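> One structure follows; several queries about it will come next.
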Amino acid sequence: MGNILENLKRKKTIKFIDQLAYRFSKNYVVGSGAQLTYFLILSIFPFLIVLLNILSYTPLAREDVISNMIRFLPYDIQLIIEGFVNDIVSSSSQGLLSIAAIGGIWTASSGVKAIIRAINSAYDYTENRSFIKMKAISIIFTVALLLLVLIVFLTLIAGQVVGYMLFDVVGLGDFFSTLWNNLRFIIPLLFMIVFFALLYKYSPNVKNNEKIKFVSTLPGAIFTTIGWIVTSLLFSYYVSNFGSYAITYGSLGGVIILLVWLFISSIIIVLGGEINATLEDLRKNGYSINENKSVINSINTKKNNET
């Protein structure tokens, strides 16, 4: 058994999985995900209030933007969010919505702040920045996320119009229409990858003599983006076909589904940071396994102690 484990440790893929598994356990990724879920549930609705307020100053239809944003989510979660959006749009005046948006940015940034703490833990950095600095960074990323949503939808609308006009000049309008049907799904993915990459790069409390390169954050950002979409679709399918939340929790079924989905999403975000940190640690050590951060080494040590 010991020889098999030693042989496995020589493979780069196994080294990565071994080090990642150690970090997953040591940094309490599941516990961090649970903490992050609490702050996200407090942040998601203030975030929507701010987004709705900003959308009111654009030519974009607020309900259509929200519907497109949540189309991957389980149906029960879509109903909760759409109901909230309809209530806000129909019952709130523009003045009250603007006031709520100011407080919404502050509250929504708490979720981003929790993400930053989790990423710090992934990179083994100690958070010693002041409350004001941390809050400022959290607000910046909150606003960046809001702008990202706007840019994505404006790009989709303007890109389709401009692209068709340019291609139509050379008689390829129909070809562009076919091409755009694929591009309109890829563009939001690329924006999400860039956002998470910037989050993993600039949010950690990096030591003075260290620097996180943008390229090194891409693996975790790609994993987080694709992982979030895939797990959301799978969770939606499970809830629609096998879940019994409505039977178990009654009228609270939709809320429980929202909490479970946020919990899964939180773990994926934290795990993206752990993936980047693991790869960075392996690069620094020449892809040699760190015995102090190894699950395989722990198994060998335990086995030797027993004998």
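Chain labels run A, B, ... following the order of the structure tokens; each chain numbers its residues from 1, and ligands are numbered from 1 in the order shown.
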Quick one: residues within 12 Å of A:Ile44, only C-alpha atoms, excluding same-chain residues fewer than 3 positions away - as a PyMOL selection string?
chain A and resi 36-41+47-51+77+80-81+84-85+104-112+142+146+258-259+262
> When you look at stretch 24-27 of chain A with a cut-off of 7 Å (counting only C-alpha atoms), what residues show up, excluding the ones that are within fewer than 2 positions of it in the same chain? I need them as JSON, numbers by chain.
{"A": [20, 21, 22, 29, 121, 122]}
> Could you please determine the separation between atom CA of A:Ile269 and atom CA of A:Leu282 in Å, to one decimal place?
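It comes out at 20.5 Å.
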> Identify which of the residues A:Lys135, A:Leu42, A:Ser236, A:Leu218 lies closest to A:Arg71, counting only C-alpha atoms when measuring atom-to-atom distances.
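Residue with the minimum atom-to-atom distance to A:Arg71: A:Ser236.
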> Excluding stretch 199-215 of chain A and its own-chain neighbours fewer than 4 positions away, which residues fall within 7 Å of it when counting only C-alpha atoms? Please give them as a PyMOL selection string.
chain A and resi 116+119-120+125-127+195+273
> Which is closer to A:Ile193 than all the others in A:Gly272, A:Leu233, A:Phe175, A:Ile115, using only C-alpha atoms?
A:Gly272
> Just the helix (DSSP H, G or I) stuff from stretch 29-272 of chain A, please, per backbone DSSP, written as a PyMOL selection string.
chain A and resi 29-55+62-69+75-91+94-122+131-169+173-202+214-241+245-272
> Could you tell me which of A:Phe196, A:Trp180, A:Phe167, A:Phe263 comes closest to A:Phe235 if we count only C-alpha atoms?
A:Phe263
> Figure out the distance between atom CA of A:Ser288 and atom CA of A:Ile14, please, to one decimal in Å.
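Interatomic distance, atom CA of A:Ile14 to atom CA of A:Ser288: 11.2 Å.
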